[in-house]
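Coordinates from model.txt are shown below (compact mmCIF, C-alpha atoms and all ligand atoms).
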```txt
# COMPACT_ATOMS: atom_id res chain seq x y z
CA MET A 438 48.82 115.72 81.95
CA LYS A 439 47.50 118.45 84.29
CA ASN A 440 48.47 116.31 87.24
CA LYS A 441 52.02 115.96 85.91
CA VAL A 442 52.37 119.75 85.62
CA LYS A 443 51.01 120.17 89.15
CA CYS A 444 53.54 117.63 90.35
CA ARG A 445 56.44 119.47 88.69
CA VAL A 446 55.39 122.82 90.19
CA ALA A 447 55.15 121.23 93.65
CA LEU A 448 58.59 119.66 93.23
CA ALA A 449 60.09 122.97 92.16
CA MET A 450 58.55 124.67 95.22
CA ILE A 451 60.02 122.04 97.53
CA LEU A 452 63.47 122.49 95.95
CA ILE A 453 63.33 126.30 96.34
CA VAL A 454 62.25 126.03 99.98
CA THR A 455 64.97 123.46 100.67
CA SER A 456 67.74 125.49 99.11
CA VAL A 457 66.66 128.68 100.90
CA SER A 458 66.55 126.92 104.25
CA LEU A 459 69.86 125.17 103.58
CA PHE A 460 71.74 128.30 102.64
CA GLY A 461 69.79 130.75 104.84
CA CYS A 462 68.11 134.04 103.87
CA GLY A 463 68.44 133.31 100.18
CA GLN A 464 72.25 133.56 100.27
CA VAL A 465 73.81 131.09 97.85
CA THR A 466 76.88 129.21 99.12
CA PRO A 467 79.54 128.70 96.43
CA GLU A 468 79.80 125.12 95.18
CA SER A 469 83.35 124.63 96.52
CA ASP A 470 82.23 125.59 100.03
CA VAL A 471 79.37 123.14 99.80
CA GLU A 472 81.91 120.48 98.79
CA THR A 473 84.18 121.44 101.73
CA GLN A 474 81.28 121.21 104.18
CA VAL A 475 80.36 117.79 102.84
CA ASN A 476 83.93 116.60 103.51
CA GLU A 477 84.17 117.99 107.01
CA GLY A 478 84.83 115.23 109.51
CA ILE A 479 86.97 113.22 107.10
CA ARG A 480 90.21 112.26 108.85
CA ILE A 481 93.34 111.17 107.01
CA GLY A 482 96.53 109.75 108.51
CA LEU A 483 99.71 110.43 106.53
CA SER A 484 102.62 108.16 107.39
CA MET A 485 105.93 109.48 106.02
CA ASP A 486 109.28 107.65 105.72
CA SER A 487 111.37 110.70 106.63
CA PHE A 488 112.01 114.28 105.57
CA LEU A 489 115.73 113.95 104.92
CA ILE A 490 115.35 114.25 101.16
CA GLU A 491 114.23 117.58 99.71
CA ARG A 492 111.11 116.41 97.92
CA TRP A 493 109.22 114.90 100.87
CA GLN A 494 108.51 118.17 102.66
CA ARG A 495 106.98 119.41 99.45
CA ASP A 496 104.89 116.22 99.19
CA ARG A 497 103.62 116.69 102.74
CA ASP A 498 102.83 120.39 102.42
CA LEU A 499 101.02 120.04 99.12
CA PHE A 500 99.05 117.02 100.31
CA VAL A 501 98.02 118.59 103.60
CA SER A 502 96.96 121.88 102.08
CA LYS A 503 94.91 120.24 99.32
CA ALA A 504 93.21 117.89 101.78
CA GLN A 505 92.42 120.80 104.10
CA GLU A 506 91.11 122.85 101.22
CA LEU A 507 88.72 119.96 100.53
CA GLY A 508 87.60 120.03 104.16
CA ALA A 509 89.50 116.99 105.48
CA GLU A 510 91.77 116.90 108.52
CA VAL A 511 95.28 115.38 108.23
CA ASN A 512 97.46 113.89 110.96
CA VAL A 513 101.09 113.54 109.79
CA GLN A 514 103.52 111.08 111.40
CA ASN A 515 107.22 110.83 110.54
CA ALA A 516 108.88 107.44 111.06
CA ASN A 517 112.41 108.75 110.52
CA GLY A 518 113.38 105.78 108.39
CA GLU A 519 112.48 103.16 111.07
CA VAL A 520 110.14 100.43 109.89
CA ASN A 521 108.90 99.45 113.35
CA LYS A 522 108.12 103.05 114.14
CA GLN A 523 106.15 103.30 110.91
CA ILE A 524 104.17 100.18 111.82
CA SER A 525 103.26 101.56 115.27
CA GLN A 526 102.31 104.91 113.77
CA ILE A 527 99.97 103.14 111.34
CA GLU A 528 98.55 101.15 114.27
CA TYR A 529 97.92 104.47 116.04
CA PHE A 530 95.98 105.66 112.99
CA ILE A 531 93.91 102.45 113.11
CA GLU A 532 93.14 103.03 116.81
CA LYS A 533 92.11 106.59 116.03
CA GLU A 534 89.71 105.24 113.39
CA MET A 535 91.00 107.35 110.53
CA ASP A 536 88.96 107.20 107.33
CA VAL A 537 92.01 106.83 105.09
CA ILE A 538 95.69 106.07 105.74
CA VAL A 539 98.23 107.29 103.20
CA ILE A 540 101.63 105.59 103.46
CA VAL A 541 105.09 106.36 102.08
CA ALA A 542 106.48 102.89 102.81
CA ILE A 543 110.00 102.55 104.19
CA ASP A 544 110.02 98.85 103.43
CA GLY A 545 107.53 97.57 100.86
CA ASN A 546 107.80 94.03 102.25
CA MET A 547 107.06 94.75 105.87
CA LEU A 548 103.65 96.39 105.90
CA SER A 549 101.23 93.77 104.60
CA GLU A 550 100.11 92.74 108.11
CA VAL A 551 99.39 96.24 109.38
CA VAL A 552 97.68 97.17 106.10
CA GLY A 553 95.52 94.05 106.56
CA LYS A 554 94.55 95.29 110.03
CA ALA A 555 93.61 98.71 108.70
CA LYS A 556 91.49 97.23 105.94
CA LYS A 557 89.75 94.92 108.40
CA ALA A 558 88.88 97.99 110.45
CA GLY A 559 87.23 99.46 107.34
CA ILE A 560 89.98 102.01 106.73
CA LYS A 561 91.06 102.75 103.15
CA VAL A 562 94.79 102.47 102.50
CA ILE A 563 96.74 104.36 99.85
CA ALA A 564 100.35 103.51 98.98
CA TYR A 565 101.87 106.86 98.14
CA ASP A 566 104.74 106.90 95.66
CA ARG A 567 106.06 103.47 96.78
CA LEU A 568 104.15 100.24 96.33
CA ILE A 569 103.42 98.09 99.39
CA LEU A 570 103.80 94.44 98.43
CA ASN A 571 101.33 91.61 99.05
CA ALA A 572 98.98 93.93 100.88
CA ASP A 573 96.10 94.61 98.48
CA VAL A 574 96.11 98.37 99.15
CA ASP A 575 93.06 100.22 97.89
CA LEU A 576 95.18 102.48 95.69
CA TYR A 577 98.78 102.86 94.59
CA ILE A 578 99.59 106.31 93.27
CA SER A 579 103.01 107.15 91.88
CA PHE A 580 104.95 108.01 88.79
CA ASP A 581 105.80 105.51 86.13
CA ASN A 582 108.94 104.36 87.93
CA GLU A 583 109.99 101.99 85.20
CA LYS A 584 109.97 104.96 82.85
CA VAL A 585 112.19 106.89 85.29
CA GLY A 586 114.83 104.20 84.71
CA THR A 587 114.11 104.00 80.99
CA LEU A 588 114.74 107.73 80.63
CA MET A 589 118.06 107.47 82.47
CA GLY A 590 119.09 104.55 80.23
CA GLU A 591 118.01 106.20 76.98
CA TYR A 592 119.79 109.45 77.81
CA LEU A 593 122.98 107.61 78.75
CA ARG A 594 122.87 105.63 75.51
CA GLU A 595 122.54 108.82 73.55
CA ALA A 596 125.35 110.55 75.46
CA LEU A 597 127.74 107.61 75.25
CA GLY A 598 126.97 106.70 71.66
CA ASP A 599 125.78 103.26 72.76
CA GLU A 600 129.07 102.07 74.25
CA GLY A 601 131.19 102.45 77.35
CA LYS A 602 131.44 101.32 80.94
CA ILE A 603 129.24 102.54 83.72
CA ILE A 604 128.50 101.90 87.36
CA CYS A 605 125.07 101.99 89.00
CA ILE A 606 124.23 103.11 92.52
CA ASN A 607 120.59 102.38 93.22
CA GLY A 608 118.52 103.52 96.18
CA SER A 609 117.23 101.39 99.04
CA PRO A 610 116.74 97.72 98.16
CA THR A 611 113.57 97.68 100.29
CA ASP A 612 111.93 100.39 98.16
CA ASN A 613 109.96 98.78 95.34
CA ASN A 614 110.57 101.85 93.16
CA VAL A 615 114.22 100.90 93.05
CA THR A 616 113.42 97.54 91.49
CA MET A 617 111.23 99.23 88.91
CA VAL A 618 113.71 102.01 88.10
CA PHE A 619 116.62 99.61 87.71
CA GLY A 620 114.47 97.24 85.64
CA GLY A 621 113.53 100.05 83.25
CA PHE A 622 117.14 101.21 83.12
CA LYS A 623 118.59 97.81 82.22
CA GLU A 624 115.92 97.24 79.63
CA ALA A 625 116.70 100.59 78.01
CA LEU A 626 120.39 99.65 77.69
CA GLY A 627 119.15 96.56 75.87
CA ASP A 628 121.40 95.60 72.98
CA SER A 629 123.86 98.49 73.41
CA ASP A 630 127.53 97.95 74.18
CA ILE A 631 127.26 99.73 77.50
CA VAL A 632 128.61 97.50 80.23
CA ILE A 633 127.50 97.83 83.85
CA GLU A 634 130.79 97.18 85.63
CA ARG A 635 129.48 97.40 89.17
CA THR A 636 126.10 97.76 90.90
CA GLY A 637 125.50 99.03 94.41
CA TYR A 638 122.55 99.92 96.65
CA ALA A 639 122.21 102.74 99.15
CA ASP A 640 120.55 101.06 102.13
CA ASN A 641 117.83 103.27 103.58
CA TRP A 642 118.61 105.74 100.79
CA LEU A 643 121.79 106.77 102.61
CA ALA A 644 123.48 108.84 99.93
CA GLU A 645 126.91 108.67 101.56
CA ILE A 646 127.05 105.06 100.42
CA GLY A 647 127.25 106.47 96.89
CA PHE A 648 130.32 108.46 97.86
CA ASP A 649 132.17 105.43 99.20
CA PHE A 650 131.08 103.25 96.30
CA THR A 651 132.38 105.73 93.73
CA SER A 652 135.58 106.54 95.67
CA ASP A 653 136.44 102.82 95.98
CA TYR A 654 135.88 102.26 92.28
CA LEU A 655 138.05 105.25 91.33
CA ALA A 656 140.73 104.26 93.82
CA GLU A 657 141.21 101.05 91.87
CA GLY A 658 142.26 103.15 88.90
CA ASN A 659 138.95 102.92 87.03
CA VAL A 660 137.25 105.85 85.34
CA PRO A 661 133.64 105.17 84.32
CA ASP A 662 131.98 106.85 81.34
CA GLY A 663 128.73 107.19 83.20
CA ILE A 664 127.24 106.74 86.67
CA MET A 665 123.58 105.91 87.09
CA CYS A 666 122.41 107.28 90.47
CA GLY A 667 119.14 106.21 92.11
CA ASN A 668 118.33 109.83 92.92
CA ASP A 669 119.83 113.31 93.02
CA ASP A 670 120.85 112.96 96.65
CA ILE A 671 123.08 110.02 95.70
CA ALA A 672 124.29 112.02 92.69
CA THR A 673 125.41 114.78 95.08
CA GLN A 674 127.73 112.35 96.82
CA VAL A 675 128.89 110.77 93.57
CA VAL A 676 129.82 114.16 92.09
CA LYS A 677 131.64 114.98 95.33
CA ALA A 678 133.74 111.81 94.90
CA LEU A 679 134.35 112.66 91.23
CA SER A 680 135.41 116.21 92.20
CA GLU A 681 137.92 114.91 94.69
CA ASN A 682 139.44 112.97 91.81
CA ARG A 683 139.27 115.93 89.39
CA LEU A 684 136.72 114.10 87.29
CA ALA A 685 133.59 116.21 87.84
CA GLY A 686 132.09 117.14 84.49
CA GLN A 687 133.90 114.33 82.69
CA VAL A 688 131.54 111.52 83.62
CA TYR A 689 127.85 111.38 82.64
CA VAL A 690 125.86 111.32 85.87
CA THR A 691 122.10 110.68 86.03
CA GLY A 692 119.63 111.11 88.89
CA GLN A 693 115.99 111.76 89.69
CA ASP A 694 113.88 114.28 91.63
CA ALA A 695 115.12 117.54 90.07
CA ASP A 696 116.50 118.65 93.45
CA LEU A 697 117.72 122.23 93.36
CA VAL A 698 121.39 121.25 93.71
CA ALA A 699 121.02 118.75 90.88
CA CYS A 700 119.47 121.36 88.60
CA GLN A 701 122.37 123.69 89.51
CA ARG A 702 124.88 120.96 88.65
CA ILE A 703 123.13 120.33 85.33
CA VAL A 704 123.48 123.95 84.21
CA GLU A 705 127.03 124.02 85.61
CA GLY A 706 127.96 120.84 83.71
CA THR A 707 128.73 118.36 86.50
CA GLN A 708 125.51 116.31 86.21
CA TYR A 709 124.13 115.21 82.87
CA MET A 710 120.45 114.73 83.58
CA THR A 711 117.77 114.21 86.21
CA VAL A 712 114.18 113.02 86.05
CA TYR A 713 111.54 115.51 87.14
CA LYS A 714 108.41 114.15 88.74
CA PRO A 715 105.63 116.72 89.24
CA ILE A 716 105.10 116.30 92.98
CA GLU A 717 102.31 118.86 93.02
CA LEU A 718 100.20 116.68 90.76
CA LEU A 719 100.95 113.55 92.80
CA ALA A 720 100.16 115.13 96.18
CA GLN A 721 97.04 116.95 95.08
CA ARG A 722 95.64 114.02 93.12
CA THR A 723 96.19 111.80 96.16
CA ALA A 724 94.37 114.23 98.43
CA GLU A 725 91.41 114.33 96.05
CA MET A 726 91.31 110.57 95.71
CA ALA A 727 91.66 110.07 99.48
CA VAL A 728 88.66 112.31 100.12
CA THR A 729 86.64 110.46 97.49
CA MET A 730 87.62 107.09 98.96
CA ALA A 731 86.71 108.25 102.46
CA LYS A 732 83.16 108.46 101.16
CA ASP A 733 83.29 104.78 100.23
CA ARG A 734 83.75 105.45 96.55
CA GLU A 735 86.11 103.26 94.55
CA PRO A 736 89.15 105.02 93.07
CA GLU A 737 89.00 105.20 89.29
CA THR A 738 92.35 104.45 87.62
CA GLU A 739 93.36 103.41 84.14
CA SER A 740 96.07 100.95 85.23
CA THR A 741 96.58 98.23 87.77
CA ILE A 742 99.82 96.82 89.15
CA ASN A 743 100.54 93.43 90.69
CA ASP A 744 101.78 93.75 94.27
CA GLY A 745 103.05 90.16 94.33
CA THR A 746 99.64 88.71 95.19
CA TYR A 747 96.94 91.14 94.10
CA ASP A 748 96.31 93.49 91.20
CA VAL A 749 95.79 96.89 92.75
CA PRO A 750 94.50 100.10 91.14
CA PHE A 751 97.48 102.17 90.00
CA GLU A 752 97.25 105.89 89.31
CA LYS A 753 100.32 106.33 87.14
CA LEU A 754 101.79 109.77 86.47
CA ASP A 755 104.37 110.70 83.88
CA PRO A 756 108.00 111.61 84.68
CA VAL A 757 110.05 113.98 82.47
CA ALA A 758 113.79 113.88 81.67
CA VAL A 759 115.63 117.14 82.33
CA THR A 760 118.95 118.23 80.81
CA GLU A 761 120.52 121.62 80.31
CA GLU A 762 118.51 121.97 77.07
CA ASN A 763 115.02 121.82 78.54
CA MET A 764 115.77 123.12 82.07
CA ASP A 765 114.07 126.45 81.45
CA GLU A 766 111.03 124.93 79.84
CA VAL A 767 110.38 122.17 82.39
CA ILE A 768 111.74 123.47 85.70
CA ILE A 769 112.10 127.23 85.81
CA GLY A 770 109.13 129.00 87.36
CA LYS A 771 107.38 125.67 87.94
CA TYR A 772 109.63 123.82 90.37
CA HIS A 773 112.58 126.16 91.02
CA GLN A 774 113.32 129.81 90.40
CA LYS A 775 115.72 130.83 87.66
CA SER A 776 117.92 132.86 90.04
CA ASP A 777 118.37 129.77 92.26
CA VAL A 778 119.14 127.29 89.48
CA TYR A 779 121.58 129.61 87.70
CA LEU A 780 123.07 130.95 90.96
CA ASN A 781 126.64 130.04 90.07
CA VAL A 782 126.41 130.46 86.33
CA HIS A 783 127.65 133.82 85.08
CA GLU A 784 126.75 134.76 81.54
C1 LIG B 1 111.36 108.09 95.30
C2 LIG B 1 112.44 109.11 94.98
C3 LIG B 1 113.17 109.51 96.25
C4 LIG B 1 113.60 108.30 97.05
C5 LIG B 1 114.28 108.63 98.36
C6 LIG B 1 111.92 106.95 96.12
O1 LIG B 1 110.93 106.06 96.46
O2 LIG B 1 110.80 107.59 94.12
O3 LIG B 1 111.84 110.23 94.37
O4 LIG B 1 114.30 110.28 95.95
O5 LIG B 1 112.51 107.48 97.30
O6 LIG B 1 113.45 109.27 99.24
```

Kindly return the structure encoded in the file as C-alpha cells.
Amino acid sequence: MKNKVKCRVALAMILIVTSVSLFGCGQVTPESDVETQVNEGIRIGLSMDSFLIERWQRDRDLFVSKAQELGAEVNVQNANGEVNKQISQIEYFIEKEMDVIVIVAIDGNMLSEVVGKAKKAGIKVIAYDRLILNADVDLYISFDNEKVGTLMGEYLREALGDEGKIICINGSPTDNNVTMVFGGFKEALGDSDIVIERTGYADNWLAEIGFDFTSDYLAEGNVPDGIMCGNDDIATQVVKALSENRLAGQVYVTGQDADLVACQRIVEGTQYMTVYKPIELLAQRTAEMAVTMAKDREPETESTINDGTYDVPFEKLDPVAVTEENMDEVIIGKYHQKSDVYLNVHE
C-alpha cells in the first residue's frame, strides 16, 4: 500500500516537472494552442474545379482558414474546369508529399487512377462535395444530394398541385451530384401527374446552356408550369430567357446553392425556391477531418456510399429548402445580409 502511494507521488512529481518544462516558467499554454502546435507541419493540397460559381470561393476561404487555425498549411490549386489540369495538379501534390489531398472533382469518372497513386504514396484523399467514382477515397463529405433533388420535387408538387408539365436542366453530366439530385427529384415526383417534357444537361456546368435550352423550348410555343434547374446559376439564365418572353414570375423555377441573386429573385417573385447548403459546416468539418486523417486516424462517419466499386465513408450533411416564407429564418444574417437580399424590394 505504502509503495503504491509513493509511486503515485513520484508520478505526480514527474507530471508537474514535465508540464513546467514543456510550457516554460510555469506559464500554461491554452489547449487550442497546444492542439495547433501538434498539427504544425501537416500539409494539405486542395484541388478545386473552378471559382466561376459563387459558392466555391466561400468553400475555399472557409476551408483554408479553419485548416490554418488548426495549424495545418494548405496549398490551393484551381483547375479552371479542365480535367487534365486537375490530374496534373493532384500529381504535383503527390510529388510534394502532401499529407492529405482534398478534391472537388471536375469529372467523377476520370480520377480513379490518380487517386490510386496518391493512396499508394500513403496520402489520404478526401472527395469534397462531389464523389469520385471507383477510387476508394478515404472520405466523401457532402450534402445529401439526393435530398436536394427530393426537396425540389416536393416543392414543385406542392406548388403545381401534383400536375402540370415541366422541363429539367441539370448540371454537368460528369458530376456525380447531378445523378443523385436528378434521381431524388424524379423519385419525389413519383405518382404525381407532373410530366417532364424535356431534360437537358449543362456540360461543365455552363449555365448559358440553360438559357438556350429554355429559349428553344419557348420558341416552339410551349409554356412550362415549372423548370427544375440544377443550380441557381442555371436558374439565372433560365429566368433571363423567361423574362425575354414576358414569362418571369409565371413559371415555378427551382435551383440550389442560395446564391445571392437567387435569394433576391425569390423575394422578388421570379424564382420559386432554392436549396441552401451550409457551406461553412461542410468546409470546416472537412478541415477538421483532414487534420485528423493526417495523423493516421480513420474518419468516423455514420454513413457509407458505394462509389461503383467500394463502399466509402460518407459524411452526409443536411440541405434546407428556401422559399420566400423562410428566407429570413434560414438565410438572413447567416448566409446573406437582409439589405442585399431585399435590395430591390420596396415595402
Ligand atoms: C454542387 C453545386 C454547384 C455545382 C456547380 C455541384 O457539384 O453540388 O452546389 O452549384 O456543383 O459548381

Open item on the list: With only C-alpha atoms as the counted atoms, please give the residues lying no more than 8 Å from region 594-597 of chain A, apart from itself and same-chain residues fewer than 6 positions off, as a ChimeraX atom specification.
Closed with: /A:626,629,631,662,689

Could you give me, as a tab-separated table, every chain A residue with an atom at most 10 Å from ligand LIG 1 (chain B), plus its closest atom pair and distance in Å to one decimal, counting only C-alpha atoms and all ligand atoms, rows ordered by chain then number?
```
residue	atom	partner	partner_atom	distance
A:Asp486	CA	B:LIG1	O6	7.9
A:Ser487	CA	B:LIG1	O6	7.8
A:Phe488	CA	B:LIG1	O6	8.2
A:Leu489	CA	B:LIG1	O6	7.7
A:Ile490	CA	B:LIG1	O6	5.7
A:Glu491	CA	B:LIG1	O4	8.2
A:Arg492	CA	B:LIG1	O3	7.2
A:Trp493	CA	B:LIG1	O6	7.2
A:Gly518	CA	B:LIG1	O6	9.8
A:Val541	CA	B:LIG1	O1	8.1
A:Ala542	CA	B:LIG1	O1	8.4
A:Ile543	CA	B:LIG1	O1	8.5
A:Tyr565	CA	B:LIG1	O1	9.2
A:Asp566	CA	B:LIG1	O2	6.3
A:Arg567	CA	B:LIG1	O1	5.5
A:Leu568	CA	B:LIG1	O1	8.9
A:Ser579	CA	B:LIG1	O2	8.1
A:Phe580	CA	B:LIG1	O2	7.9
A:Asp581	CA	B:LIG1	O2	9.7
A:Asn582	CA	B:LIG1	O2	7.2
A:Val585	CA	B:LIG1	O2	9.0
A:Asn607	CA	B:LIG1	C4	9.9
A:Gly608	CA	B:LIG1	C4	6.9
A:Ser609	CA	B:LIG1	C5	7.8
A:Thr611	CA	B:LIG1	O1	9.6
A:Asp612	CA	B:LIG1	O1	6.0
A:Asn613	CA	B:LIG1	O1	7.4
A:Asn614	CA	B:LIG1	O1	5.4
A:Val615	CA	B:LIG1	O1	7.0
A:Met617	CA	B:LIG1	O2	9.9
A:Val618	CA	B:LIG1	O2	8.7
A:Ala639	CA	B:LIG1	C5	9.9
A:Asn641	CA	B:LIG1	C5	8.3
A:Trp642	CA	B:LIG1	C5	5.7
A:Leu643	CA	B:LIG1	C5	8.8
A:Ala644	CA	B:LIG1	C5	9.3
A:Gly667	CA	B:LIG1	O4	7.4
A:Asn668	CA	B:LIG1	O4	5.1
A:Asp669	CA	B:LIG1	O4	7.0
A:Asp670	CA	B:LIG1	O4	7.1
A:Ile671	CA	B:LIG1	O4	8.8
A:Gly692	CA	B:LIG1	O4	8.9
A:Gln693	CA	B:LIG1	O3	6.4
A:Asp694	CA	B:LIG1	O3	5.3
A:Ala695	CA	B:LIG1	O3	9.1
A:Asp696	CA	B:LIG1	O4	9.0
A:Val712	CA	B:LIG1	O3	9.1
A:Tyr713	CA	B:LIG1	O3	9.0
A:Lys714	CA	B:LIG1	O3	7.7
A:Ile716	CA	B:LIG1	O3	9.2
```

TODO: Check the smallest atom-to-atom distance from each of A:Ile531, A:Val757, A:Val539, A:Met547 to Gly559 (chain A) using only C-alpha atoms, then report the winner.
DONE: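 The shortest atom-to-atom distance to Gly559 (chain A) comes from A:Ile531.
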
TODO: With all atoms listed in the file counted, which protein, DNA or RNA residues have an atom no more than 7 Å from (134.5, 105.6, 79.9) in the file frame? Please answer as a list in words.
DONE: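 Counting all atoms listed in the file, I find these residues within 7 Å of (134.5, 105.6, 79.9): Gly601, Lys602, Val660, Pro661, Asp662 and Gly663 of chain A.
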
Open item on the list: Please list as JSON, numbers by chain every residue within 6 Å of region 502-516 of chain A, counting all atoms listed in the file and excluding residues in the same chain fewer than 4 positions away.
Closed with: {"A": [473, 476, 477, 479, 480, 481, 482, 483, 484, 485, 486, 487, 522, 523, 721, 724]}

- [ ] May I ask for the distance between CA of Asp536 (chain A) and CA of Glu725 (chain A), given in Å to one decimal place?
- [x] 13.6 Å

Open item on the list: I need every residue sitting at most 10 Å from the point (99.3, 94.4, 91.3) (coordinates as in the file, only C-alpha atoms considered), written as a list in words.
Closed with: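 Residues found, by chain and rising number: Leu568, Ile569, Leu570, Asn571, Ala572, Asp573, Val574, Tyr577, Ser740, Thr741, Ile742, Asn743, Asp744, Gly745, Thr746, Tyr747, Asp748, Val749, Pro750 and Phe751 of chain A.
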
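CA of Leu548 (chain A) is found 25.2 Å from CA of Gly586 (chain A).
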
TODO: Could you check how far CA of Lys533 (chain A) sits from CA of Asp496 (chain A), in Å to one decimal?
DONE: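 Those two atoms sit 23.2 Å apart.
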